[in-house]
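Asker: The structure file coords02.pdb (PDB, C-alpha atoms, pLDDT in the B column) is provided below.
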ATOM      1  CA  MET V  15     -13.419  14.539  -0.564  1.00 40.00           C
ATOM      2  CA  HIS V  16     -10.218  16.427  -0.961  1.00 42.00           C
ATOM      3  CA  TYR V  17      -6.875  15.015  -0.072  1.00 39.00           C
ATOM      4  CA  SER V  18      -4.889  18.204   0.117  1.00 38.00           C
ATOM      5  CA  ALA V  19      -2.615  18.462   3.109  1.00 31.00           C
ATOM      6  CA  GLY V  20      -5.040  20.813   4.806  1.00 30.00           C
ATOM      7  CA  ARG V  21      -8.000  18.494   4.387  1.00 34.00           C
ATOM      8  CA  GLY V  22      -6.307  15.413   5.747  1.00 31.00           C
ATOM      9  CA  VAL V  23      -8.668  12.680   6.839  1.00 29.00           C
ATOM     10  CA  VAL V  24     -11.898  14.551   6.124  1.00 24.00           C
ATOM     11  CA  ARG V  25     -12.985  11.880   3.696  1.00 29.00           C
ATOM     12  CA  GLY V  26     -12.495   9.188   6.286  1.00 31.00           C
ATOM     13  CA  MET V  27     -10.115   6.919   4.434  1.00 34.00           C
ATOM     14  CA  ALA V  28      -6.949   7.710   6.360  1.00 35.00           C
ATOM     15  CA  SER V  29      -8.286   6.555   9.702  1.00 37.00           C
ATOM     16  CA  ALA V  30      -6.484   3.602  11.262  1.00 38.00           C
ATOM     17  CA  LEU V  31      -8.073   0.213  11.738  1.00 38.00           C
ATOM     18  CA  MET V  32      -8.056  -1.376  15.160  1.00 45.00           C
ATOM     19  CA  LEU V  33      -5.209  -3.772  15.768  1.00 46.00           C
ATOM     20  CA  LEU V  34      -6.136  -7.183  17.080  1.00 49.00           C
ATOM     21  CA  LEU V  35      -4.216  -8.705  19.926  1.00 46.00           C
ATOM     22  CA  LEU V  36      -3.437 -11.784  17.890  1.00 41.00           C
ATOM     23  CA  GLY V  37      -2.155 -14.924  19.492  1.00 40.00           C
ATOM     24  CA  GLY V  38      -2.533 -13.800  23.080  1.00 41.00           C
ATOM     25  CA  GLY V  39       0.608 -12.570  24.776  1.00 43.00           C
ATOM     26  CA  VAL V  40      -1.009 -10.590  27.564  1.00 44.00           C
ATOM     27  CA  GLY V  41      -0.634 -13.406  30.047  1.00 45.00           C
ATOM     28  CA  ALA V  42      -1.726 -12.811  33.596  1.00 44.00           C
ATOM     29  CA  GLN V  43      -1.111  -9.067  33.539  1.00 49.00           C
ATOM     30  CA  ARG V  44      -3.929  -6.588  33.391  1.00 51.00           C
ATOM     31  CA  PRO V  45      -4.067  -5.025  29.891  1.00 54.00           C
ATOM     32  CA  ALA V  46      -3.149  -1.566  31.186  1.00 54.00           C
ATOM     33  CA  GLN V  47       0.022  -3.013  32.766  1.00 61.00           C
ATOM     34  CA  ASN V  48       1.131  -4.921  29.703  1.00 79.00           C
ATOM     35  CA  PRO V  49       3.621  -3.135  27.391  1.00 84.00           C
ATOM     36  CA  LEU V  50       2.376  -4.992  24.317  1.00 87.00           C
ATOM     37  CA  PHE V  51      -1.208  -3.957  24.953  1.00 88.00           C
ATOM     38  CA  ARG V  52      -0.123  -0.350  25.543  1.00 89.00           C
ATOM     39  CA  ASN V  53       1.863  -0.248  22.296  1.00 90.00           C
ATOM     40  CA  ILE V  54      -1.182  -1.569  20.454  1.00 91.00           C
ATOM     41  CA  GLU V  55      -3.275   1.219  21.981  1.00 90.00           C
ATOM     42  CA  LEU V  56      -0.708   3.837  20.988  1.00 91.00           C
ATOM     43  CA  CYS V  57      -0.371   2.438  17.468  1.00 93.00           C
ATOM     44  CA  ASN V  58      -4.147   2.646  17.149  1.00 90.00           C
ATOM     45  CA  GLY V  59      -3.986   6.339  18.070  1.00 87.00           C
ATOM     46  CA  ALA V  60      -5.576   5.831  21.487  1.00 80.00           C
ATOM     47  CA  ASP V  61      -6.747   9.041  23.118  1.00 68.00           C
ATOM     48  CA  ARG V  62      -5.975  10.832  19.864  1.00 72.00           C
ATOM     49  CA  SER V  63      -2.265  10.390  20.384  1.00 67.00           C
ATOM     50  CA  LEU V  64       0.103  12.838  18.761  1.00 90.00           C
ATOM     51  CA  PRO V  65       1.699  11.434  15.584  1.00 94.00           C
ATOM     52  CA  ASP V  66       5.081  10.937  17.257  1.00 94.00           C
ATOM     53  CA  ILE V  67       3.476   8.940  20.075  1.00 93.00           C
ATOM     54  CA  GLN V  68       1.560   6.803  17.589  1.00 94.00           C
ATOM     55  CA  ILE V  69       4.727   6.267  15.567  1.00 95.00           C
ATOM     56  CA  GLY V  70       6.503   5.116  18.731  1.00 94.00           C
ATOM     57  CA  GLY V  71       3.802   2.565  19.525  1.00 94.00           C
ATOM     58  CA  CYS V  72       3.772   1.172  15.998  1.00 95.00           C
ATOM     59  CA  THR V  73       7.561   1.092  15.801  1.00 96.00           C
ATOM     60  CA  ALA V  74       7.746  -0.884  19.042  1.00 95.00           C
ATOM     61  CA  LEU V  75       5.417  -3.491  17.560  1.00 95.00           C
ATOM     62  CA  ILE V  76       7.256  -3.613  14.241  1.00 96.00           C
ATOM     63  CA  ASP V  77      10.705  -3.835  15.798  1.00 96.00           C
ATOM     64  CA  SER V  78       9.739  -6.391  18.445  1.00 92.00           C
ATOM     65  CA  GLY V  79      10.138  -9.299  16.038  1.00 91.00           C
ATOM     66  CA  GLN V  80       7.281 -11.007  17.876  1.00 90.00           C
ATOM     67  CA  GLN V  81       4.203  -9.909  15.958  1.00 92.00           C
ATOM     68  CA  PRO V  82       2.473 -12.023  13.293  1.00 92.00           C
ATOM     69  CA  PRO V  83       2.131 -10.666   9.754  1.00 94.00           C
ATOM     70  CA  GLN V  84      -1.548  -9.790  10.323  1.00 92.00           C
ATOM     71  CA  THR V  85      -0.548  -7.319  13.035  1.00 93.00           C
ATOM     72  CA  LEU V  86       2.406  -5.916  11.088  1.00 95.00           C
ATOM     73  CA  VAL V  87       0.158  -5.153   8.101  1.00 96.00           C
ATOM     74  CA  ILE V  88      -1.906  -2.809  10.260  1.00 95.00           C
ATOM     75  CA  ALA V  89       1.030  -1.478  12.275  1.00 96.00           C
ATOM     76  CA  TYR V  90       2.797  -0.337   9.085  1.00 97.00           C
ATOM     77  CA  ASN V  91      -0.450   1.164   7.793  1.00 96.00           C
ATOM     78  CA  ASN V  92      -1.083   3.048  11.037  1.00 95.00           C
ATOM     79  CA  ARG V  93       2.492   4.318  11.224  1.00 96.00           C
ATOM     80  CA  GLY V  94       2.178   5.458   7.620  1.00 97.00           C
ATOM     81  CA  ASN V  95      -0.887   7.463   8.570  1.00 96.00           C
ATOM     82  CA  ALA V  96       1.021   9.084  11.431  1.00 96.00           C
ATOM     83  CA  PHE V  97       3.968   9.993   9.189  1.00 97.00           C
ATOM     84  CA  SER V  98       1.532  11.426   6.638  1.00 96.00           C
ATOM     85  CA  ALA V  99      -0.107  13.540   9.365  1.00 95.00           C
ATOM     86  CA  LYS V 100       3.341  15.024  10.045  1.00 95.00           C
ATOM     87  CA  GLY V 101       3.902  15.781   6.371  1.00 96.00           C
ATOM     88  CA  GLU V 102       6.633  13.130   6.093  1.00 98.00           C
ATOM     89  CA  TYR V 103       5.136  11.726   2.943  1.00 98.00           C
ATOM     90  CA  ASP V 104       8.033   9.631   1.668  1.00 98.00           C
ATOM     91  CA  ARG V 105       8.328   7.804   4.990  1.00 98.00           C
ATOM     92  CA  ALA V 106       4.567   7.292   4.958  1.00 98.00           C
ATOM     93  CA  ILE V 107       4.700   5.797   1.467  1.00 98.00           C
ATOM     94  CA  ASP V 108       7.500   3.450   2.538  1.00 98.00           C
ATOM     95  CA  ASP V 109       5.274   2.137   5.333  1.00 98.00           C
ATOM     96  CA  PHE V 110       2.250   1.715   3.085  1.00 98.00           C
ATOM     97  CA  ASP V 111       4.510  -0.164   0.671  1.00 98.00           C
ATOM     98  CA  GLN V 112       5.446  -2.549   3.481  1.00 98.00           C
ATOM     99  CA  SER V 113       1.816  -3.036   4.486  1.00 98.00           C
ATOM    100  CA  ILE V 114       0.857  -3.848   0.890  1.00 98.00           C
ATOM    101  CA  LYS V 115       3.848  -6.174   0.488  1.00 98.00           C
ATOM    102  CA  LEU V 116       2.681  -8.159   3.510  1.00 97.00           C
ATOM    103  CA  ASN V 117      -0.951  -8.203   2.357  1.00 97.00           C
ATOM    104  CA  PRO V 118      -1.666  -7.169  -1.251  1.00 97.00           C
ATOM    105  CA  GLN V 119      -5.401  -7.485  -0.526  1.00 96.00           C
ATOM    106  CA  TYR V 120      -5.406  -4.819   2.214  1.00 96.00           C
ATOM    107  CA  ALA V 121      -7.420  -2.023   0.596  1.00 95.00           C
ATOM    108  CA  SER V 122      -6.847   0.544   3.349  1.00 94.00           C
ATOM    109  CA  ALA V 123      -3.119   0.737   2.648  1.00 96.00           C
ATOM    110  CA  PHE V 124      -3.812   1.440  -1.046  1.00 97.00           C
ATOM    111  CA  VAL V 125      -6.285   4.174  -0.100  1.00 96.00           C
ATOM    112  CA  ASN V 126      -3.949   5.752   2.422  1.00 96.00           C
ATOM    113  CA  ARG V 127      -1.040   5.637  -0.020  1.00 97.00           C
ATOM    114  CA  ALA V 128      -3.275   7.310  -2.598  1.00 97.00           C
ATOM    115  CA  GLN V 129      -4.046  10.025  -0.017  1.00 94.00           C
ATOM    116  CA  THR V 130      -0.332  10.573   0.468  1.00 97.00           C
ATOM    117  CA  TYR V 131       0.373  10.738  -3.256  1.00 97.00           C
ATOM    118  CA  LEU V 132      -2.357  13.360  -3.527  1.00 93.00           C
ATOM    119  CA  ASN V 133      -0.722  15.376  -0.764  1.00 92.00           C
ATOM    120  CA  LYS V 134       2.520  15.217  -2.776  1.00 94.00           C
ATOM    121  CA  GLY V 135       0.730  16.272  -5.962  1.00 92.00           C
ATOM    122  CA  GLU V 136       1.420  12.913  -7.646  1.00 96.00           C
ATOM    123  CA  TYR V 137      -2.097  12.535  -8.974  1.00 96.00           C
ATOM    124  CA  GLN V 138      -1.575   9.797 -11.536  1.00 96.00           C
ATOM    125  CA  ARG V 139       0.058   7.555  -8.950  1.00 98.00           C
ATOM    126  CA  ALA V 140      -2.890   8.238  -6.658  1.00 97.00           C
ATOM    127  CA  ILE V 141      -5.287   7.173  -9.417  1.00 98.00           C
ATOM    128  CA  LEU V 142      -3.408   3.895  -9.861  1.00 98.00           C
ATOM    129  CA  ASP V 143      -3.789   3.146  -6.146  1.00 98.00           C
ATOM    130  CA  TYR V 144      -7.485   3.988  -6.268  1.00 98.00           C
ATOM    131  CA  ASP V 145      -7.847   1.576  -9.204  1.00 98.00           C
ATOM    132  CA  GLU V 146      -6.468  -1.183  -6.923  1.00 95.00           C
ATOM    133  CA  ALA V 147      -8.627  -0.126  -3.981  1.00 97.00           C
ATOM    134  CA  ILE V 148     -11.787  -0.134  -6.112  1.00 97.00           C
ATOM    135  CA  ARG V 149     -10.952  -3.625  -7.305  1.00 97.00           C
ATOM    136  CA  LEU V 150     -10.700  -4.744  -3.673  1.00 97.00           C
ATOM    137  CA  LYS V 151     -13.570  -2.686  -2.195  1.00 95.00           C
ATOM    138  CA  PRO V 152     -15.963  -1.736  -5.014  1.00 97.00           C
ATOM    139  CA  THR V 153     -18.825  -0.809  -2.664  1.00 96.00           C
ATOM    140  CA  LEU V 154     -16.846   1.746  -0.640  1.00 93.00           C
ATOM    141  CA  GLU V 155     -18.034   5.178  -1.734  1.00 94.00           C
ATOM    142  CA  ALA V 156     -15.009   7.065  -0.430  1.00 92.00           C
ATOM    143  CA  VAL V 157     -12.726   5.172  -2.825  1.00 95.00           C
ATOM    144  CA  TRP V 158     -14.798   6.209  -5.832  1.00 97.00           C
ATOM    145  CA  ASN V 159     -14.854   9.748  -4.477  1.00 96.00           C
ATOM    146  CA  GLY V 160     -11.096   9.790  -4.071  1.00 95.00           C
ATOM    147  CA  ARG V 161     -10.588   8.724  -7.668  1.00 97.00           C
ATOM    148  CA  CYS V 162     -13.179  11.285  -8.808  1.00 98.00           C
ATOM    149  CA  TRP V 163     -11.222  14.038  -7.072  1.00 96.00           C
ATOM    150  CA  SER V 164      -7.917  12.848  -8.518  1.00 96.00           C
ATOM    151  CA  ARG V 165      -9.298  12.542 -12.036  1.00 98.00           C
ATOM    152  CA  ALA V 166     -10.890  15.981 -11.821  1.00 97.00           C
ATOM    153  CA  ILE V 167      -7.544  17.518 -10.923  1.00 96.00           C
ATOM    154  CA  VAL V 168      -5.737  15.929 -13.893  1.00 96.00           C
ATOM    155  CA  GLY V 169      -8.546  16.854 -16.291  1.00 96.00           C
ATOM    156  CA  GLU V 170     -10.134  13.423 -16.847  1.00 98.00           C
ATOM    157  CA  LEU V 171     -13.478  15.097 -16.342  1.00 98.00           C
ATOM    158  CA  GLN V 172     -15.996  12.632 -17.819  1.00 98.00           C
ATOM    159  CA  ALA V 173     -14.344   9.772 -15.940  1.00 98.00           C
ATOM    160  CA  ALA V 174     -14.291  11.896 -12.782  1.00 98.00           C
ATOM    161  CA  LEU V 175     -17.982  12.645 -13.126  1.00 98.00           C
ATOM    162  CA  ALA V 176     -18.794   8.940 -13.513  1.00 98.00           C
ATOM    163  CA  ASP V 177     -16.789   8.169 -10.348  1.00 98.00           C
ATOM    164  CA  CYS V 178     -18.522  10.862  -8.310  1.00 98.00           C
ATOM    165  CA  ASN V 179     -21.916   9.697  -9.514  1.00 98.00           C
ATOM    166  CA  GLU V 180     -21.095   6.156  -8.409  1.00 98.00           C
ATOM    167  CA  ALA V 181     -19.915   7.421  -5.024  1.00 98.00           C
ATOM    168  CA  LEU V 182     -23.178   9.330  -4.549  1.00 98.00           C
ATOM    169  CA  ARG V 183     -25.196   6.335  -5.660  1.00 98.00           C
ATOM    170  CA  LEU V 184     -23.505   4.238  -2.990  1.00 97.00           C
ATOM    171  CA  LYS V 185     -23.835   6.911  -0.316  1.00 97.00           C
ATOM    172  CA  PRO V 186     -25.902  10.033  -1.064  1.00 95.00           C
ATOM    173  CA  ASP V 187     -25.612  13.360   0.721  1.00 93.00           C
ATOM    174  CA  VAL V 188     -21.909  13.218   1.557  1.00 97.00           C
ATOM    175  CA  ALA V 189     -20.569  16.790   1.616  1.00 98.00           C
ATOM    176  CA  VAL V 190     -17.074  15.969   0.396  1.00 97.00           C
ATOM    177  CA  THR V 191     -18.381  13.896  -2.514  1.00 97.00           C
ATOM    178  CA  LEU V 192     -20.693  16.690  -3.592  1.00 98.00           C
ATOM    179  CA  ASP V 193     -17.692  18.982  -3.263  1.00 98.00           C
ATOM    180  CA  SER V 194     -15.661  16.722  -5.562  1.00 98.00           C
ATOM    181  CA  ARG V 195     -18.424  16.669  -8.156  1.00 98.00           C
ATOM    182  CA  GLY V 196     -18.733  20.435  -7.799  1.00 98.00           C
ATOM    183  CA  LEU V 197     -15.055  20.768  -8.728  1.00 98.00           C
ATOM    184  CA  THR V 198     -15.618  18.480 -11.710  1.00 98.00           C
ATOM    185  CA  TYR V 199     -18.512  20.590 -12.969  1.00 98.00           C
ATOM    186  CA  LEU V 200     -16.480  23.749 -12.323  1.00 98.00           C
ATOM    187  CA  LYS V 201     -13.654  22.484 -14.513  1.00 97.00           C
ATOM    188  CA  MET V 202     -16.196  21.432 -17.163  1.00 97.00           C
ATOM    189  CA  GLY V 203     -17.581  24.981 -17.260  1.00 97.00           C
ATOM    190  CA  GLN V 204     -21.005  23.847 -16.032  1.00 98.00           C
ATOM    191  CA  TRP V 205     -21.423  26.689 -13.561  1.00 98.00           C
ATOM    192  CA  ASP V 206     -25.037  26.087 -12.521  1.00 98.00           C
ATOM    193  CA  SER V 207     -24.425  22.387 -11.828  1.00 98.00           C
ATOM    194  CA  ALA V 208     -21.329  23.285  -9.824  1.00 98.00           C
ATOM    195  CA  ILE V 209     -23.274  25.809  -7.743  1.00 98.00           C
ATOM    196  CA  GLU V 210     -26.024  23.264  -7.127  1.00 98.00           C
ATOM    197  CA  ASP V 211     -23.567  20.687  -5.807  1.00 98.00           C
ATOM    198  CA  TYR V 212     -21.695  23.232  -3.726  1.00 98.00           C
ATOM    199  CA  ASN V 213     -24.999  24.423  -2.240  1.00 98.00           C
ATOM    200  CA  GLU V 214     -25.808  20.876  -1.145  1.00 98.00           C
ATOM    201  CA  ALA V 215     -22.308  20.325   0.235  1.00 98.00           C
ATOM    202  CA  LEU V 216     -22.534  23.530   2.269  1.00 98.00           C
ATOM    203  CA  ARG V 217     -25.980  22.622   3.539  1.00 98.00           C
ATOM    204  CA  ILE V 218     -24.355  19.541   5.084  1.00 98.00           C
ATOM    205  CA  ASP V 219     -21.074  21.215   6.095  1.00 98.00           C
ATOM    206  CA  PRO V 220     -21.344  25.035   6.110  1.00 98.00           C
ATOM    207  CA  ARG V 221     -17.616  25.487   6.796  1.00 97.00           C
ATOM    208  CA  LEU V 222     -16.312  23.406   3.895  1.00 98.00           C
ATOM    209  CA  ALA V 223     -13.853  25.946   2.526  1.00 98.00           C
ATOM    210  CA  SER V 224     -13.349  24.319  -0.859  1.00 97.00           C
ATOM    211  CA  SER V 225     -17.083  24.393  -1.523  1.00 98.00           C
ATOM    212  CA  LEU V 226     -17.303  28.044  -0.523  1.00 98.00           C
ATOM    213  CA  TYR V 227     -14.384  28.936  -2.761  1.00 98.00           C
ATOM    214  CA  GLY V 228     -15.573  26.801  -5.660  1.00 98.00           C
ATOM    215  CA  ARG V 229     -19.082  28.236  -5.402  1.00 98.00           C
ATOM    216  CA  GLY V 230     -17.597  31.716  -5.329  1.00 98.00           C
ATOM    217  CA  LEU V 231     -15.699  31.091  -8.547  1.00 98.00           C
ATOM    218  CA  ALA V 232     -18.790  29.631 -10.221  1.00 98.00           C
ATOM    219  CA  LYS V 233     -20.897  32.611  -9.124  1.00 98.00           C
ATOM    220  CA  LEU V 234     -18.349  35.016 -10.589  1.00 98.00           C
ATOM    221  CA  LYS V 235     -18.568  33.123 -13.884  1.00 97.00           C
ATOM    222  CA  THR V 236     -22.350  33.608 -13.911  1.00 98.00           C
ATOM    223  CA  GLY V 237     -22.010  37.341 -13.229  1.00 98.00           C
ATOM    224  CA  ASP V 238     -22.896  37.234  -9.519  1.00 98.00           C
ATOM    225  CA  THR V 239     -19.983  39.398  -8.401  1.00 98.00           C
ATOM    226  CA  THR V 240     -21.283  40.155  -4.915  1.00 98.00           C
ATOM    227  CA  GLY V 241     -22.171  36.553  -4.107  1.00 98.00           C
ATOM    228  CA  GLY V 242     -18.938  35.259  -5.584  1.00 98.00           C
ATOM    229  CA  ASN V 243     -16.701  37.633  -3.671  1.00 98.00           C
ATOM    230  CA  THR V 244     -18.588  36.943  -0.444  1.00 98.00           C
ATOM    231  CA  ASP V 245     -18.071  33.186  -0.790  1.00 98.00           C
ATOM    232  CA  ILE V 246     -14.398  33.577  -1.679  1.00 98.00           C
ATOM    233  CA  ALA V 247     -13.767  35.821   1.332  1.00 98.00           C
ATOM    234  CA  ALA V 248     -15.506  33.330   3.612  1.00 98.00           C
ATOM    235  CA  ALA V 249     -13.408  30.471   2.215  1.00 98.00           C
ATOM    236  CA  LYS V 250     -10.159  32.392   2.749  1.00 98.00           C
ATOM    237  CA  ALA V 251     -11.151  33.117   6.352  1.00 98.00           C
ATOM    238  CA  ILE V 252     -11.540  29.385   7.010  1.00 98.00           C
ATOM    239  CA  GLU V 253      -8.561  28.089   5.015  1.00 96.00           C
ATOM    240  CA  ALA V 254      -5.738  30.512   4.309  1.00 94.00           C
ATOM    241  CA  ASN V 255      -4.185  28.390   1.545  1.00 95.00           C
ATOM    242  CA  ILE V 256      -7.384  27.862  -0.423  1.00 97.00           C
ATOM    243  CA  VAL V 257      -6.312  30.058  -3.367  1.00 96.00           C
ATOM    244  CA  GLY V 258      -3.072  28.113  -3.805  1.00 94.00           C
ATOM    245  CA  ASP V 259      -4.928  24.812  -3.494  1.00 92.00           C
ATOM    246  CA  PHE V 260      -7.284  25.686  -6.342  1.00 95.00           C
ATOM    247  CA  ALA V 261      -4.395  26.925  -8.455  1.00 94.00           C
ATOM    248  CA  ARG V 262      -2.850  23.457  -8.101  1.00 89.00           C
ATOM    249  CA  TYR V 263      -6.172  21.948  -9.084  1.00 90.00           C
ATOM    250  CA  GLY V 264      -6.045  23.965 -12.307  1.00 89.00           C
ATOM    251  CA  VAL V 265      -8.839  26.365 -11.318  1.00 90.00           C
ATOM    252  CA  GLN V 266      -8.318  30.104 -10.721  1.00 80.00           C
TER     253      GLN V 266
END
Go ahead and express the file in the form of structure tokens.
Answerer:
Amino acid sequence: MHYSAGRGVVRGMASALMLLLLGGGVGAQRPAQNPLFRNIELCNGADRSLPDIQIGGCTALIDSGQQPPQTLVIAYNNRGNAFSAKGEYDRAIDDFDQSIKLNPQYASAFVNRAQTYLNKGEYQRAILDYDEAIRLKPTLEAVWNGRCWSRAIVGELQAALADCNEALRLKPDVAVTLDSRGLTYLKMGQWDSAIEDYNEALRIDPRLASSLYGRGLAKLKTGDTTGGNTDIAAAKAIEANIVGDFARYGVQ
């Protein structure tokens, strides 16, 4: 489950939670006619709203001065996700900070802040957030996978492998988790194990560019020049920045 800017919410942890209309407030109006209800919809990303529209809905809730802390926790988290989608990572982190300040037990904000730190290349800070998220939600496979990916990038390979194995124990056959373990094996020099994981990831998601590229590199290491170059070309056709991504991961 990669958290590069191009991969975004593939691993499912940056998706917003539904806001609750806490404490009433709709009155006699139909929900569609009520500004509060509409802002909640927009802040939730209703109809796959553009980030700026989602930001506007969340900001209206935050600035209203009328919402209880439970709603503000999620509004800040959702606005952080929207800022992150725009590449405004520092503003996103500020919002996740506010969400966590209001509710230090809200695991989603830790996970989403970790995602944003990964997008910024601040891998150790991402790992620290995943440590918190695992403490709060130890049965959520995507959190273990996120820490696996982060640890693999910084070279904590045995710890990364243990995290990926736990993620797969909790939820087998997840393409992005197999992809993360494939990267770990690739950096460990275990080419056959990497190819095996990448094969399984691509069986589930044939257009997963990082698995195609990683498998290509592993095949080249085993002497399969034709297969390796074919996979690498296919990966580049799907994701133009894949070579630069792997260079940042410490694999070339």
Asker: Selection in question (the file shown): the PyMOL selection byres ((chain V and resi 69-82) around 7). Which residues does it include, as number ranges by chain?
Answerer: V: 53-54, 56-57, 65-68, 83-86, 89, 93, 96
Asker: Under the PyMOL selection byres ((chain V and resi 127-141) around 8), which residues of this model are included? Write them out as number ranges by chain.
Answerer: V: 17-19, 28, 98, 103, 106-107, 110, 123-126, 142-145, 161, 164-165, 167-168
Asker: Write out as a list in words each polymer residue whose atoms come within 9 Å of Gly228 in chain V, counting all atoms listed in the file; drop sequence neighbours fewer than 4 positions from it.
Answerer: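 Non-adjacent residues within range: Asp193, Gly196, Leu197, Leu200, Ala208, Ile209, Tyr212, Ala223, Ser224, Ala232, Lys233, Asp245, Ile246, Ala249, Phe260 and Val265 of chain V.
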Asker: Next, dump the selected residues to file, keeping only C-alpha atoms, as a CSV table (one decimal), in the frame of the given file.
Answerer:
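As a result, part27.csv now contains:
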chain,number,residue,atom,x,y,z
V,193,ASP,CA,-17.7,19.0,-3.3
V,196,GLY,CA,-18.7,20.4,-7.8
V,197,LEU,CA,-15.1,20.8,-8.7
V,200,LEU,CA,-16.5,23.7,-12.3
V,208,ALA,CA,-21.3,23.3,-9.8
V,209,ILE,CA,-23.3,25.8,-7.7
V,212,TYR,CA,-21.7,23.2,-3.7
V,223,ALA,CA,-13.9,25.9,2.5
V,224,SER,CA,-13.3,24.3,-0.9
V,232,ALA,CA,-18.8,29.6,-10.2
V,233,LYS,CA,-20.9,32.6,-9.1
V,245,ASP,CA,-18.1,33.2,-0.8
V,246,ILE,CA,-14.4,33.6,-1.7
V,249,ALA,CA,-13.4,30.5,2.2
V,260,PHE,CA,-7.3,25.7,-6.3
V,265,VAL,CA,-8.8,26.4,-11.3
Asker: Nearest to Ala166 in chain V: which of V:Asn48, V:Gln266, V:Ser194, V:Ser225 is it, counting all atoms listed in the file?
Answerer: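 Of all the options, V:Ser194 lies closest to Ala166 in chain V.
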Asker: Can you measure CA of Trp158 in chain V to CA of Asp187 in chain V for me? One decimal in Å is fine.
Answerer: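 So the answer is 14.5 Å.
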Asker: In Å to one decimal, how far is CA of Glu55 in chain V from CA of Ile114 in chain V?
Answerer: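 Straight-line distance from CA of Ile114 in chain V to CA of Glu55 in chain V works out to 22.1 Å.
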Asker: Between CA of Ala248 in chain V and CA of Glu210 in chain V, what distance in Å does the model show, to one decimal?
Answerer: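 It comes out at 18.1 Å.
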Asker: Select, from V:Gly94, V:Tyr227, V:Gly203, V:Gly242, the residue with the minimum atom-to-atom distance to Gly258 in chain V, counting only C-alpha atoms.
Answerer: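 That would be V:Tyr227, the residue with the smallest distance to Gly258 in chain V.
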Asker: Of the residues V:Arg262, V:Lys115, V:Arg52, V:Lys201, which is the one nearest to Leu171 in chain V, using all atoms listed in the file?
Answerer: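 Nearest candidate to Leu171 in chain V out of V:Arg262, V:Lys115, V:Arg52, V:Lys201: V:Lys201.
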Asker: Between V:Asn92, V:Asn243, V:Ala147, V:Arg105, which has the minimum distance to Pro118 in chain V (counting only C-alpha atoms)?
Answerer: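 Among the listed residues, the smallest separation from Pro118 in chain V belongs to V:Ala147.
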Asker: Starting from the PyMOL selection byres ((chain V and resi 252) around 10), expand the selection into actual residues of this file and give them as a PyMOL selection string.
Answerer: chain V and resi 221-224+226+247-251+253-256
Asker: Could you check which of V:Lys100, V:Arg217, V:Arg62, V:Arg195 is closest to Ala173 in chain V, using only C-alpha atoms?
Answerer: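 Going through V:Lys100, V:Arg217, V:Arg62, V:Arg195 one by one, the smallest distance to Ala173 in chain V is for V:Arg195.
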Asker: Give the centre and edge lengths of an axis-aligned box, in Å to one decimal, that holds all listed atoms of range 202-211 of chain V with 4 Å on each side, as JSON.
Answerer:
{"center_x": -21.1, "center_y": 23.7, "center_z": -11.5, "size_x": 17.8, "size_y": 14.0, "size_z": 19.5}
Asker: Missing atoms in range 60-71 of chain V should be modelled up to N, CA and C atoms and reported as a compact mmCIF listing (two decimals), in the frame of the given file.
Answerer:
# COMPACT_ATOMS: atom_id res chain seq x y z
N ALA V 60 -4.72 5.73 20.29
CA ALA V 60 -5.58 5.83 21.49
C ALA V 60 -5.50 7.24 22.06
N ASP V 61 -6.66 7.71 22.51
CA ASP V 61 -6.75 9.04 23.12
C ASP V 61 -6.24 10.12 22.17
N ARG V 62 -6.40 9.87 20.88
CA ARG V 62 -5.98 10.83 19.86
C ARG V 62 -4.51 11.21 20.06
N SER V 63 -3.69 10.19 20.16
CA SER V 63 -2.26 10.39 20.38
C SER V 63 -1.66 11.30 19.32
N LEU V 64 -0.66 12.06 19.72
CA LEU V 64 0.10 12.84 18.76
C LEU V 64 0.81 11.89 17.79
N PRO V 65 1.07 12.34 16.56
CA PRO V 65 1.70 11.43 15.58
C PRO V 65 2.97 10.78 16.09
N ASP V 66 3.83 11.53 16.78
CA ASP V 66 5.08 10.94 17.26
C ASP V 66 4.83 9.82 18.27
N ILE V 67 3.80 9.98 19.09
CA ILE V 67 3.48 8.94 20.08
C ILE V 67 2.93 7.71 19.36
N GLN V 68 2.09 7.92 18.37
CA GLN V 68 1.56 6.80 17.59
C GLN V 68 2.68 6.10 16.84
N ILE V 69 3.58 6.86 16.26
CA ILE V 69 4.73 6.27 15.57
C ILE V 69 5.54 5.41 16.52
N GLY V 70 5.75 5.88 17.75
CA GLY V 70 6.50 5.12 18.73
C GLY V 70 5.85 3.79 19.06
N GLY V 71 4.51 3.81 19.24
CA GLY V 71 3.80 2.56 19.52
C GLY V 71 3.89 1.57 18.38
